[in-house]
Each structure stands twice: as C-alpha cells, then as structure tokens.
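Colleague: final_29.tsv (TSV, C-alpha atoms) pasted underneath:
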chain	number	residue	atom	x	y	z
A	254	MET	CA	2.59	12.05	-8.20
A	255	ILE	CA	1.00	12.84	-4.86
A	256	PRO	CA	-0.09	16.38	-5.83
A	257	LEU	CA	-1.56	14.98	-9.06
A	258	CYS	CA	-3.57	12.41	-7.12
A	259	ARG	CA	-4.74	15.01	-4.66
A	260	ASP	CA	-5.84	17.29	-7.48
A	261	GLN	CA	-7.53	14.54	-9.47
A	262	ARG	CA	-9.16	12.96	-6.44
A	263	VAL	CA	-7.35	9.68	-6.86
A	264	GLY	CA	-6.82	7.77	-3.63
A	265	VAL	CA	-3.17	7.15	-2.74
A	266	ILE	CA	-2.24	3.76	-1.30
A	267	PRO	CA	1.31	4.18	-0.01
A	268	TYR	CA	3.43	1.05	-0.24
A	269	SER	CA	6.40	0.55	2.05
A	270	PRO	CA	4.88	3.08	4.48
A	271	LEU	CA	7.58	2.09	6.96
A	272	ALA	CA	10.32	2.03	4.31
A	273	ARG	CA	10.69	-1.74	4.53
A	274	GLY	CA	11.51	-1.52	8.19
A	275	LEU	CA	13.86	1.43	8.08
A	276	LEU	CA	11.35	3.62	9.92
A	277	THR	CA	10.82	0.98	12.61
A	278	GLY	CA	14.49	0.75	13.50
A	279	SER	CA	15.00	-2.69	11.96
A	280	ARG	CA	17.94	-1.34	9.98
A	281	GLN	CA	20.55	0.95	11.36
A	282	ARG	CA	23.56	2.83	10.16
A	283	GLY	CA	26.44	0.66	8.99
A	284	ASN	CA	23.98	-1.88	7.54
A	285	GLN	CA	23.17	-3.43	10.91
A	286	GLN	CA	19.96	-5.39	10.63
A	287	HIS	CA	17.78	-6.59	13.44
A	288	THR	CA	15.16	-8.79	11.82
A	289	VAL	CA	15.01	-11.66	9.37
A	290	ARG	CA	13.25	-9.43	6.89
A	291	ALA	CA	15.82	-6.68	7.16
A	292	GLY	CA	18.63	-9.15	6.63
A	293	ALA	CA	17.07	-10.78	3.58
A	294	ASP	CA	15.51	-7.99	1.58
A	295	PRO	CA	17.83	-7.04	-1.27
A	296	LEU	CA	15.23	-4.69	-2.74
A	297	ALA	CA	15.41	-2.51	0.33
A	298	ASP	CA	19.16	-2.22	-0.12
A	299	ASP	CA	18.48	-0.70	-3.54
A	300	MET	CA	15.67	1.56	-2.42
A	301	TYR	CA	17.31	3.19	0.57
A	302	THR	CA	20.76	4.50	1.24
A	303	GLU	CA	22.90	5.34	4.21
A	304	ALA	CA	21.94	9.01	3.80
A	305	ASP	CA	18.29	8.16	4.49
A	306	HIS	CA	19.25	7.50	8.10
A	307	ASP	CA	19.29	11.26	8.61
A	308	ILE	CA	15.52	11.24	8.25
A	309	VAL	CA	15.22	8.10	10.39
A	310	ASP	CA	17.25	9.83	13.10
A	311	SER	CA	15.00	12.85	13.05
A	312	VAL	CA	11.89	10.67	13.17
A	313	ARG	CA	13.35	8.70	16.06
A	314	ALA	CA	14.25	11.85	17.97
A	315	LEU	CA	10.72	13.21	17.64
A	316	ALA	CA	9.23	9.84	18.55
A	317	ASP	CA	11.45	9.58	21.62
A	318	GLU	CA	10.34	13.01	22.74
A	319	ARG	CA	6.78	11.73	22.78
A	320	GLY	CA	7.52	8.23	24.01
A	321	LEU	CA	6.16	6.72	20.81
A	322	PRO	CA	7.59	4.12	18.45
A	323	PRO	CA	9.00	5.77	15.30
A	324	ALA	CA	6.73	3.60	13.16
A	325	GLN	CA	3.71	5.14	14.79
A	326	LEU	CA	4.89	8.61	13.90
A	327	ALA	CA	5.66	7.54	10.33
A	328	LEU	CA	2.17	6.09	9.87
A	329	ALA	CA	0.49	9.07	11.49
A	330	TRP	CA	2.32	11.34	9.08
A	331	LEU	CA	0.96	9.39	6.10
A	332	LEU	CA	-2.55	9.24	7.48
A	333	GLY	CA	-2.49	12.97	8.00
A	334	ASN	CA	-2.16	13.47	4.26
A	335	PRO	CA	-5.61	14.02	2.78
A	336	ALA	CA	-4.58	12.27	-0.46
A	337	VAL	CA	-3.86	9.02	1.37
A	338	SER	CA	-6.56	6.34	1.42
A	339	ALA	CA	-4.74	3.58	3.23
A	340	PRO	CA	-1.12	2.63	3.83
A	341	SER	CA	-0.39	-0.89	2.63
A	342	SER	CA	1.71	-2.50	5.26
A	343	GLY	CA	3.02	-5.94	6.01
A	344	PRO	CA	2.64	-7.94	9.20
A	345	PRO	CA	4.63	-7.31	12.33
A	346	ARG	CA	7.54	-9.59	12.99
A	347	PRO	CA	6.52	-13.12	13.88
A	348	PRO	CA	7.79	-14.19	17.30
A	349	THR	CA	10.25	-16.66	15.80
A	350	SER	CA	12.09	-14.01	13.84
A	351	ARG	CA	12.58	-11.64	16.75
A	352	THR	CA	16.23	-11.17	17.38
A	353	ARG	CA	16.37	-7.94	19.27
A	354	SER	CA	13.75	-5.47	20.21
A	355	PRO	CA	13.69	-2.40	18.05
A	356	PRO	CA	10.47	-0.48	18.53
A	357	SER	CA	7.62	-2.54	17.21
A	358	ALA	CA	5.54	-1.37	14.29
A	359	SER	CA	2.57	-3.20	15.63
A	360	ARG	CA	1.54	-0.78	18.31
A	361	SER	CA	-1.62	0.97	17.44
A	362	VAL	CA	-1.54	4.39	15.94
A	363	ARG	CA	-4.48	5.28	18.10
A	364	LYS	CA	-2.20	5.58	21.13
A	365	SER	CA	-0.80	8.78	19.68
A	366	GLY	CA	-2.05	11.79	21.51
A	367	PRO	CA	-3.29	15.00	19.98
A	368	ASP	CA	0.22	16.41	20.37
A	369	LEU	CA	1.22	14.36	17.38
A	370	LYS	CA	-0.13	17.06	15.11
A	371	LEU	CA	2.87	19.14	15.99
A	372	ASP	CA	5.26	16.25	15.60
A	373	THR	CA	4.06	15.22	12.20
A	374	ALA	CA	4.19	18.77	10.96
A	375	ARG	CA	7.77	19.00	12.18
A	376	ILE	CA	8.71	15.75	10.49
A	377	ALA	CA	7.10	16.86	7.29
A	378	SER	CA	9.22	19.97	7.24
A	379	SER	CA	12.29	17.96	8.14
A	380	ALA	CA	11.67	15.37	5.45
A	381	MET	CA	10.71	17.88	2.81
A	382	PRO	CA	12.86	20.94	3.33
A	383	ASP	CA	11.95	22.19	-0.13
A	384	GLN	CA	8.31	22.61	0.75
A	385	PRO	CA	7.22	26.15	1.42
A	386	THR	CA	6.63	26.49	5.13
A	387	SER	CA	3.45	28.43	4.52
A	388	ARG	CA	1.80	25.35	3.07
A	389	PRO	CA	-1.04	24.44	5.42
A	390	ALA	CA	-0.31	21.29	7.36
A	391	PRO	CA	-2.40	18.49	5.90
A	392	GLN	CA	-3.26	17.36	9.42
A	393	ALA	CA	-5.37	20.44	9.87
A	394	GLU	CA	-7.67	19.36	7.06
A	395	ARG	CA	-8.20	15.97	8.59
A	396	GLY	CA	-8.37	16.90	12.22
A	397	GLY	CA	-5.09	15.21	13.13
A	398	VAL	CA	-4.56	11.85	14.72
A	399	ASP	CA	-7.86	11.97	16.53
A	400	ASP	CA	-9.25	10.67	13.26
A	401	LEU	CA	-7.00	7.69	13.16
A	402	ASP	CA	-8.76	5.14	15.24
A	403	LEU	CA	-12.21	5.35	13.77
A	404	PRO	CA	-13.52	5.17	10.25
A	405	GLN	CA	-15.11	8.57	10.49
A	406	PRO	CA	-16.28	10.28	7.34
A	407	VAL	CA	-13.69	12.75	6.17
A	408	PRO	CA	-13.62	14.96	3.07
A	409	ALA	CA	-13.70	13.05	-0.17
A	410	THR	CA	-10.52	12.49	-2.09
A	411	SER	CA	-11.37	9.46	-4.13
A	412	ASN	CA	-13.43	8.93	-7.25
A	413	ALA	CA	-14.47	5.49	-6.08
A	414	GLY	CA	-17.63	5.19	-4.11
A	415	ALA	CA	-16.68	2.09	-2.18
A	416	MET	CA	-13.07	3.08	-1.82
A	417	GLY	CA	-14.18	5.82	0.44
A	418	ARG	CA	-14.98	3.39	3.17
A	419	TRP	CA	-12.08	0.96	3.04
A	420	ARG	CA	-10.08	0.44	6.14
A	421	CYS	CA	-6.85	-1.19	5.57
A	422	ALA	CA	-3.37	-2.27	6.34
A	423	GLY	CA	-1.58	-5.53	6.18
A	424	ALA	CA	-2.11	-6.85	9.62
A	425	ALA	CA	-2.80	-7.05	13.24
A	426	GLY	CA	-3.45	-3.89	15.09
A	427	MET	CA	-0.96	-2.04	13.00
A	428	VAL	CA	-2.92	0.70	11.43
A	429	GLU	CA	-6.52	1.43	11.60
A	430	ALA	CA	-6.78	3.77	8.76
A	431	SER	CA	-9.55	6.23	8.68
A	432	SER	CA	-10.14	6.21	4.99
A	433	GLN	CA	-11.79	8.64	2.73
A	434	PHE	CA	-15.52	9.00	2.46
A	435	ALA	CA	-16.52	9.80	-1.07
A	436	ALA	CA	-19.56	11.85	-1.78
B	239	MET	CA	-0.33	-9.94	1.64
B	240	MET	CA	3.09	-10.13	0.00
B	241	SER	CA	4.52	-11.80	3.10
B	242	TYR	CA	2.53	-14.98	2.72
B	243	ASP	CA	3.84	-17.89	0.72
B	244	ASP	CA	3.67	-21.61	1.35
B	245	GLN	CA	6.86	-22.13	-0.61
B	246	LYS	CA	8.82	-19.64	1.48
B	247	THR	CA	10.73	-18.23	-1.48
B	248	ARG	CA	11.97	-15.54	0.89
B	249	GLN	CA	13.30	-16.25	4.34
B	250	TRP	CA	10.75	-13.89	5.88
B	251	HIS	CA	7.73	-15.36	4.15
B	252	LEU	CA	5.08	-16.91	6.38
B	253	ASP	CA	3.08	-19.96	5.41
B	254	GLU	CA	-0.68	-20.13	5.66
B	255	SER	CA	-0.76	-21.47	9.21
B	256	ALA	CA	1.53	-18.67	10.39
B	257	ALA	CA	-0.40	-16.10	8.39
B	258	GLU	CA	-3.81	-17.02	9.73
B	259	PRO	CA	-3.52	-15.61	13.28
B	260	ILE	CA	-2.10	-12.36	11.89
B	261	VAL	CA	-4.86	-11.92	9.33
B	262	ARG	CA	-7.46	-12.97	11.90
B	263	LYS	CA	-6.23	-10.30	14.31
B	264	ALA	CA	-6.40	-7.72	11.52
B	265	VAL	CA	-9.97	-8.73	10.73
B	266	GLU	CA	-10.91	-8.53	14.41
B	267	LYS	CA	-9.41	-5.06	14.53
B	268	GLY	CA	-11.61	-3.93	11.69
B	269	ILE	CA	-9.24	-4.12	8.74
B	270	THR	CA	-11.22	-4.70	5.57
B	271	PHE	CA	-8.82	-3.90	2.73
B	272	PHE	CA	-6.36	-6.58	1.57
B	273	ASP	CA	-3.90	-6.16	-1.23
B	274	THR	CA	-1.96	-8.81	-3.13
B	275	ALA	CA	-0.60	-9.38	-6.65
B	276	ASP	CA	-0.59	-12.26	-9.10
B	277	MET	CA	3.22	-12.30	-9.11
B	278	TYR	CA	3.70	-12.46	-5.35
B	279	SER	CA	5.25	-15.85	-4.76
B	280	THR	CA	4.02	-16.89	-8.21
B	281	GLY	CA	0.41	-16.96	-7.14
B	282	ALA	CA	0.74	-18.46	-3.66
B	283	SER	CA	0.00	-15.13	-2.00
B	284	GLU	CA	-3.30	-14.90	-3.87
B	285	GLN	CA	-4.22	-18.46	-2.91
B	286	ILE	CA	-3.52	-17.88	0.77
B	287	THR	CA	-5.29	-14.52	0.68
B	288	GLY	CA	-8.36	-16.04	-0.93
B	289	ARG	CA	-8.56	-18.96	1.47
B	290	LEU	CA	-8.03	-16.89	4.61
B	291	LEU	CA	-10.46	-14.12	3.72
B	292	THR	CA	-13.13	-16.62	2.72
B	293	LYS	CA	-12.64	-18.29	6.07
B	294	LEU	CA	-12.49	-15.16	8.21
B	295	PHE	CA	-15.28	-13.07	6.71
B	296	PRO	CA	-18.86	-14.25	6.63
B	297	ARG	CA	-19.61	-12.59	3.29
B	298	ARG	CA	-17.60	-11.56	0.23
B	299	GLU	CA	-19.21	-8.11	0.50
B	300	ASP	CA	-17.56	-7.57	3.88
B	301	TYR	CA	-14.05	-6.96	2.59
B	302	VAL	CA	-12.28	-5.21	-0.22
B	303	LEU	CA	-9.91	-7.36	-2.22
B	304	ALA	CA	-7.16	-5.89	-4.39
B	305	THR	CA	-4.67	-7.55	-6.68
B	306	LYS	CA	-2.34	-6.57	-9.51
B	307	VAL	CA	-1.27	-7.50	-13.01
B	308	PHE	CA	1.86	-6.80	-15.07
B	309	TYR	CA	4.83	-8.81	-13.85
B	310	PRO	CA	5.60	-12.21	-15.40
B	311	THR	CA	3.47	-15.10	-14.19
B	312	GLY	CA	5.09	-17.54	-16.60
B	313	ALA	CA	7.99	-17.89	-19.01
B	314	GLY	CA	6.14	-16.98	-22.21
B	315	PRO	CA	6.09	-13.59	-23.93
B	316	SER	CA	2.34	-13.30	-23.28
B	317	ASP	CA	2.63	-14.18	-19.61
B	318	ARG	CA	3.38	-10.59	-18.67
B	319	GLY	CA	2.53	-6.98	-19.36
B	320	LEU	CA	-0.69	-5.09	-19.95
B	321	SER	CA	-1.74	-6.42	-23.34
B	322	ARG	CA	-5.33	-7.44	-23.97
B	323	LYS	CA	-4.21	-11.04	-24.29
B	324	HIS	CA	-2.39	-11.15	-20.97
B	325	ILE	CA	-4.88	-9.13	-18.94
B	326	LEU	CA	-7.79	-11.31	-20.03
B	327	ALA	CA	-5.84	-14.42	-19.05
B	328	ALA	CA	-4.43	-12.91	-15.87
B	329	ILE	CA	-7.72	-11.79	-14.35
B	330	ASP	CA	-9.23	-15.25	-14.77
B	331	ALA	CA	-6.17	-16.89	-13.25
B	332	SER	CA	-6.28	-14.46	-10.32
B	333	LEU	CA	-9.98	-15.12	-9.73
B	334	VAL	CA	-9.35	-18.85	-9.64
B	335	ARG	CA	-6.49	-18.48	-7.15
B	336	LEU	CA	-8.45	-16.03	-5.02
B	337	GLY	CA	-11.54	-18.25	-5.11
B	338	THR	CA	-13.89	-15.41	-5.89
B	339	ASP	CA	-16.00	-14.06	-8.74
B	340	TYR	CA	-14.64	-10.55	-8.64
B	341	VAL	CA	-11.77	-8.36	-7.55
B	342	ASP	CA	-12.66	-5.05	-5.93
B	343	LEU	CA	-9.57	-3.17	-7.05
B	344	TYR	CA	-7.59	-4.40	-10.05
B	345	GLN	CA	-4.28	-2.58	-10.32
B	346	VAL	CA	-1.72	-2.32	-13.08
B	347	HIS	CA	1.50	-3.07	-11.21
B	348	ARG	CA	3.76	-1.01	-13.49
B	349	TRP	CA	3.63	0.89	-16.80
B	350	ASP	CA	3.96	-1.33	-19.88
B	351	HIS	CA	6.15	0.22	-22.54
B	352	GLN	CA	5.26	-2.57	-25.01
B	353	THR	CA	1.50	-2.02	-25.10
B	354	PRO	CA	-0.42	1.05	-26.27
B	355	ILE	CA	-2.21	2.55	-23.27
B	356	GLU	CA	-5.42	2.67	-25.34
B	357	GLU	CA	-5.41	-1.12	-25.52
B	358	THR	CA	-4.80	-1.48	-21.79
B	359	MET	CA	-7.49	0.97	-20.70
B	360	ALA	CA	-10.02	-0.54	-23.12
B	361	VAL	CA	-9.56	-4.08	-21.84
B	362	LEU	CA	-9.62	-2.95	-18.21
B	363	HIS	CA	-12.94	-1.25	-18.91
B	364	LYS	CA	-14.24	-4.53	-20.34
B	365	LEU	CA	-13.36	-6.26	-17.09
B	366	VAL	CA	-15.43	-3.75	-15.16
B	367	GLN	CA	-18.33	-4.20	-17.55
B	368	ALA	CA	-18.03	-7.97	-17.28
B	369	GLY	CA	-18.29	-7.74	-13.51
B	370	LYS	CA	-14.90	-9.30	-12.89
B	371	VAL	CA	-13.53	-6.09	-11.46
B	372	ARG	CA	-15.23	-3.34	-9.47
B	373	TYR	CA	-12.60	-0.56	-9.66
B	374	LEU	CA	-9.32	0.05	-11.43
B	375	GLY	CA	-6.08	1.20	-9.85
B	376	ALA	CA	-2.49	1.82	-10.86
B	377	SER	CA	0.88	1.58	-9.19
B	378	SER	CA	4.40	2.98	-9.45
B	379	MET	CA	4.63	5.03	-12.59
B	380	TYR	CA	5.57	8.55	-13.54
B	381	ALA	CA	2.92	11.20	-13.10
B	382	TRP	CA	2.89	11.90	-16.86
B	383	GLN	CA	2.19	8.24	-17.55
B	384	PHE	CA	-0.67	8.19	-15.07
B	385	ALA	CA	-2.09	11.40	-16.49
B	386	THR	CA	-1.86	9.92	-20.00
B	387	ALA	CA	-3.73	6.81	-18.91
B	388	GLN	CA	-6.47	8.83	-17.22
B	389	HIS	CA	-6.81	11.10	-20.23
B	390	THR	CA	-7.03	8.09	-22.55
B	391	ALA	CA	-9.84	6.57	-20.53
B	392	ARG	CA	-11.67	9.86	-20.18
B	393	ALA	CA	-11.48	10.53	-23.91
B	394	ALA	CA	-12.86	7.07	-24.61
B	395	GLY	CA	-15.61	7.45	-22.03
B	396	SER	CA	-14.27	4.40	-20.22
B	397	THR	CA	-13.37	3.56	-16.63
B	398	ARG	CA	-10.52	5.52	-15.06
B	399	PHE	CA	-8.17	4.57	-12.27
B	400	VAL	CA	-9.40	5.49	-8.80
B	401	SER	CA	-6.20	4.74	-6.91
B	402	MET	CA	-2.44	5.02	-7.12
B	403	GLN	CA	-0.28	2.65	-5.10
B	404	SER	CA	2.95	4.50	-4.83
B	405	HIS	CA	6.17	4.21	-2.87
B	406	TYR	CA	5.44	6.84	-0.26
B	407	ASN	CA	6.85	7.25	3.20
B	408	LEU	CA	8.84	9.78	5.18
B	409	ILE	CA	11.99	8.81	3.31
B	410	SER	CA	10.62	8.93	-0.22
B	411	ALA	CA	8.32	11.87	0.47
B	412	LYS	CA	10.54	14.50	-1.06
B	413	LYS	CA	10.56	12.79	-4.44
B	414	ASN	CA	6.85	12.02	-4.50
B	415	GLU	CA	5.66	15.44	-3.50
B	416	ARG	CA	6.97	16.92	-6.70
So, in terms of structure tokens, how does the structure I just supplied come out?

Modeller:
Amino acid sequence: MIPLCRDQRVGVIPYSPLARGLLTGSRQRGNQQHTVRAGADPLADDMYTEADHDIVDSVRALADERGLPPAQLALAWLLGNPAVSAPSSGPPRPPTSRTRSPPSASRSVRKSGPDLKLDTARIASSAMPDQPTSRPAPQAERGGVDDLDLPQPVPATSNAGAMGRWRCAGAAGMVEASSQFAA
Amino acid sequence: MMSYDDQKTRQWHLDESAAEPIVRKAVEKGITFFDTADMYSTGASEQITGRLLTKLFPRREDYVLATKVFYPTGAGPSDRGLSRKHILAAIDASLVRLGTDYVDLYQVHRWDHQTPIEETMAVLHKLVQAGKVRYLGASSMYAWQFATAQHTARAAGSTRFVSMQSHYNLISAKKNER
C-alpha cells in the first residue's frame, strides 16, 4: 500500500504509529502491561504478537544509544518517509493512569538531533530486512529530522491542496509533523 | 480523537473535561489536524471533538477536521457500510455531532463488500459538490481495492481519494511496504 500511495501521490496517515503503545514500552515481553490502555486494549492483543518484541528491542537499543525515548525514534522514522502526511496518534497517558514510568511518548520529536538520520535508517533496515539496502534512505529526500519541528514546505506527495499544509497528531506536544506541501 | 468519550466505554477513555487540556495543549503547539470517526464511542468522540475544536480555535478555517464512515452506527441494515443510503445519512449525522457545516477529510473506514464501488465513489463525489466535504480519504484496505476505487473515480471524472489512513509503524512496516 505505501509504495502505491507514494507513486500515486496519495498522502499516508499512519494509524497506530506507536503500535498501540508497544513502541513506547507500555507492553513488554510476557504480556506485562504498564498502562491502563495497554491492559485494556484487546485489539492490540490481536494486532501484535510476542515476536514483534524483537523489533521493539532493536528500537529500544538504538534509542538508548542516543538517549531518546523509543517512541521518538518510531515517530521520526515515520516522518522520514516522504509518503507520510501525518501520523495519527492518541494522547499521552493521563496522570491518573500512570502506573510506572516507561519512556513517555509525549516528548517532542524535535529534541532528536541530526544523528537520528543514521538511527532511523538502521531501524528501517532492521524492521524491513527484505528491502534492498541500496534503496535510498527516505530521510535523505526530506532532509532528516531537522524538518520535524517546523511546517516547512517539502516536496509534494499529496493530490490535495490543503492537505499539504496540515500539521497533525492526536495531542499535546507529541508530534509536530512537518506535512507535505502540494504544488 | 478516539480516546475521548463521555460514556467511558473503554477504561482508558477520557471524558470531555479530561480531554480539554490535552487538546488545548495540542492546539497551542500548532497541531491543526484532528481525526475522528462516526463509530468512535457511538458518536461521542465526534461530539467532544466538535465542541472542543469550536472552543479552542477562533475560526473553522483554522483547523482540518477528519472523520470516517462505514462501521455500524445503529442496529439496522442501512446503518452501516458505504451505500448511497447510508453515506447520505451518515454525513448529515456526523455534521450535526461535529457542529459544523463541512468535514475537511471524509474517509471510508473500510472496504464495503456489499456495495458496488461505483455507487460509493459517486455519492462521495456528490458530497464534495454539495460542499459537505472538502476532500475524500480511505483507510485500511488492500492496495488492489484502493487502486480499483481510484480508477473508478478517475474513469467517471469524479473526486478521488487524496489520503490513505493505514496501519503503519515500525512493526507493521514490512507488510505495508509490499
């Protein structure tokens, strides 16, 4: 689907950009859950399996190397894809539901440094081992995470005029998506 | 805006008073795109979304409002799907709940195997022409289905989808990149 959208200049709005909390650390191996949402979200139990923790582990390892929350890396990876208009994300945990302190998804993506280009490229190859390694990293086309904190015009990917300028995400300081700017 | 529901049909749902500071912070941070669906909490999400955005933005033109149609909003056979009958009823019901005259992005939530795609694309085009909808989007379907829908609209000279809301993250990436 994503290559089709890229080719046809259809804007991609990723849902569950953080895999319903899996990429924030709210769920861990052995079905340990750290938030109200993670403990009461049967759909997530269908969508993700124990094997998916391999990817979570690799995201976490790369995030730890950089001192970033895994969620930030996961969002930066999506935003680096030129087909993506705007990840559709929910709110951060409300204070009352906080049980432990897995890395918060609410920290701003803008805190990522330029080094994240390398990280996201590494994650991409880790998450998609079937992809030819010669494929140019999508980050290169967008200028990497430096784009993330401002709605700067970037190459068009959407057919919609207005869609080109939407900035989005579910909530508070979570993502400030630089969206597409349609010609 | 799926998390907001005054009825709290899920343990993690937040009511309007809890939602307001979160949405306010998002608005202050420059977020302008908000996505809901008519089936989220049987309409409560749309109501909260409409009330909060009306309150937090000075003008309707300042934000982009998206919602969806397909899943059941009632018990009847015509309370679901992408038929002409349901879509015409569903958009009006969404507009009432959202408290606005138009939706910026109207998305088909899933593919409807019961309705010819020609019928769906034709009625969606009518909504654009009527000014109830600015753009059309789709969500969660196979690439061949999406390509069929786009081809159908193109052949008819009618409005095509401009967006695809798809399950896409580092875990699902492998599947979606194909």

Colleague: Please compute the CA of Ile325 in chain B-CA of Trp382 in chain B distance, one decimal, in Å.

Modeller: 22.5 Å

Colleague: Would you give me, as a list in words, the residues of chain B that come within 6 Å of chain A, using all atoms listed in the file?

Modeller: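 Here they are: Trp250, Ile260, Val261, Lys263, Ala264, Ile269, Thr270, Phe271, Ala381, Val400, Ser401, Met402, Gln403, Ser404, His405, Tyr406, Asn407, Lys412, Asn414 and Glu415 of chain B.
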
Colleague: To one decimal place in Å, what is the distance between CA of Ala360 in chain B and CA of Tyr344 in chain B?

Modeller: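 These two atoms are separated by 13.8 Å.
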
Colleague: In Å, with one decimal, what is the gap from CA of Gly319 in chain B to CA of Arg392 in chain B?

Modeller: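 Going from CA of Gly319 in chain B over to CA of Arg392 in chain B covers 22.0 Å.
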
Colleague: Which residue, B:Phe295, B:Tyr309, B:Trp349, B:Tyr278, has the smallest gap to Arg262 in chain B when you use all atoms listed in the file?

Modeller: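 Checking each candidate against Arg262 in chain B, we get B:Phe295 as the closest.
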
Colleague: How about completing range 259-272 of chain B with N, CA, C and O atoms and giving it to me as a PDB file, in the frame of the given file?

Modeller:
ATOM      1  N   PRO B 259      -3.255 -16.424  12.067  1.00  0.00           N
ATOM      2  CA  PRO B 259      -3.520 -15.610  13.280  1.00  0.00           C
ATOM      3  C   PRO B 259      -3.297 -14.116  13.045  1.00  0.00           C
ATOM      4  O   PRO B 259      -3.985 -13.283  13.656  1.00  0.00           O
ATOM      5  N   ILE B 260      -2.372 -13.778  12.172  1.00  0.00           N
ATOM      6  CA  ILE B 260      -2.100 -12.360  11.890  1.00  0.00           C
ATOM      7  C   ILE B 260      -3.284 -11.743  11.141  1.00  0.00           C
ATOM      8  O   ILE B 260      -3.777 -10.665  11.493  1.00  0.00           O
ATOM      9  N   VAL B 261      -3.738 -12.441  10.118  1.00  0.00           N
ATOM     10  CA  VAL B 261      -4.860 -11.920   9.330  1.00  0.00           C
ATOM     11  C   VAL B 261      -6.126 -11.906  10.189  1.00  0.00           C
ATOM     12  O   VAL B 261      -6.929 -10.969  10.137  1.00  0.00           O
ATOM     13  N   ARG B 262      -6.280 -12.920  11.027  1.00  0.00           N
ATOM     14  CA  ARG B 262      -7.460 -12.970  11.900  1.00  0.00           C
ATOM     15  C   ARG B 262      -7.479 -11.755  12.843  1.00  0.00           C
ATOM     16  O   ARG B 262      -8.503 -11.104  13.035  1.00  0.00           O
ATOM     17  N   LYS B 263      -6.319 -11.445  13.403  1.00  0.00           N
ATOM     18  CA  LYS B 263      -6.230 -10.300  14.310  1.00  0.00           C
ATOM     19  C   LYS B 263      -6.600  -9.011  13.557  1.00  0.00           C
ATOM     20  O   LYS B 263      -7.316  -8.156  14.072  1.00  0.00           O
ATOM     21  N   ALA B 264      -6.097  -8.899  12.332  1.00  0.00           N
ATOM     22  CA  ALA B 264      -6.400  -7.720  11.520  1.00  0.00           C
ATOM     23  C   ALA B 264      -7.908  -7.597  11.292  1.00  0.00           C
ATOM     24  O   ALA B 264      -8.489  -6.519  11.424  1.00  0.00           O
ATOM     25  N   VAL B 265      -8.516  -8.726  10.971  1.00  0.00           N
ATOM     26  CA  VAL B 265      -9.970  -8.730  10.730  1.00  0.00           C
ATOM     27  C   VAL B 265     -10.706  -8.324  11.998  1.00  0.00           C
ATOM     28  O   VAL B 265     -11.633  -7.507  11.974  1.00  0.00           O
ATOM     29  N   GLU B 266     -10.263  -8.870  13.122  1.00  0.00           N
ATOM     30  CA  GLU B 266     -10.910  -8.530  14.410  1.00  0.00           C
ATOM     31  C   GLU B 266     -10.763  -7.049  14.730  1.00  0.00           C
ATOM     32  O   GLU B 266     -11.614  -6.447  15.365  1.00  0.00           O
ATOM     33  N   LYS B 267      -9.651  -6.475  14.272  1.00  0.00           N
ATOM     34  CA  LYS B 267      -9.410  -5.060  14.530  1.00  0.00           C
ATOM     35  C   LYS B 267     -10.141  -4.148  13.554  1.00  0.00           C
ATOM     36  O   LYS B 267     -10.024  -2.931  13.619  1.00  0.00           O
ATOM     37  N   GLY B 268     -10.817  -4.743  12.598  1.00  0.00           N
ATOM     38  CA  GLY B 268     -11.610  -3.930  11.690  1.00  0.00           C
ATOM     39  C   GLY B 268     -10.981  -3.653  10.338  1.00  0.00           C
ATOM     40  O   GLY B 268     -11.496  -2.859   9.559  1.00  0.00           O
ATOM     41  N   ILE B 269      -9.858  -4.297  10.062  1.00  0.00           N
ATOM     42  CA  ILE B 269      -9.240  -4.120   8.740  1.00  0.00           C
ATOM     43  C   ILE B 269     -10.097  -4.818   7.697  1.00  0.00           C
ATOM     44  O   ILE B 269     -10.503  -5.970   7.881  1.00  0.00           O
ATOM     45  N   THR B 270     -10.367  -4.107   6.612  1.00  0.00           N
ATOM     46  CA  THR B 270     -11.220  -4.700   5.570  1.00  0.00           C
ATOM     47  C   THR B 270     -10.603  -4.629   4.176  1.00  0.00           C
ATOM     48  O   THR B 270     -11.202  -5.086   3.209  1.00  0.00           O
ATOM     49  N   PHE B 271      -9.435  -4.047   4.050  1.00  0.00           N
ATOM     50  CA  PHE B 271      -8.820  -3.900   2.730  1.00  0.00           C
ATOM     51  C   PHE B 271      -7.554  -4.747   2.666  1.00  0.00           C
ATOM     52  O   PHE B 271      -6.646  -4.585   3.490  1.00  0.00           O
ATOM     53  N   PHE B 272      -7.492  -5.658   1.688  1.00  0.00           N
ATOM     54  CA  PHE B 272      -6.360  -6.580   1.570  1.00  0.00           C
ATOM     55  C   PHE B 272      -5.831  -6.541   0.150  1.00  0.00           C
ATOM     56  O   PHE B 272      -6.588  -6.664  -0.807  1.00  0.00           O
TER      57      PHE B 272
END
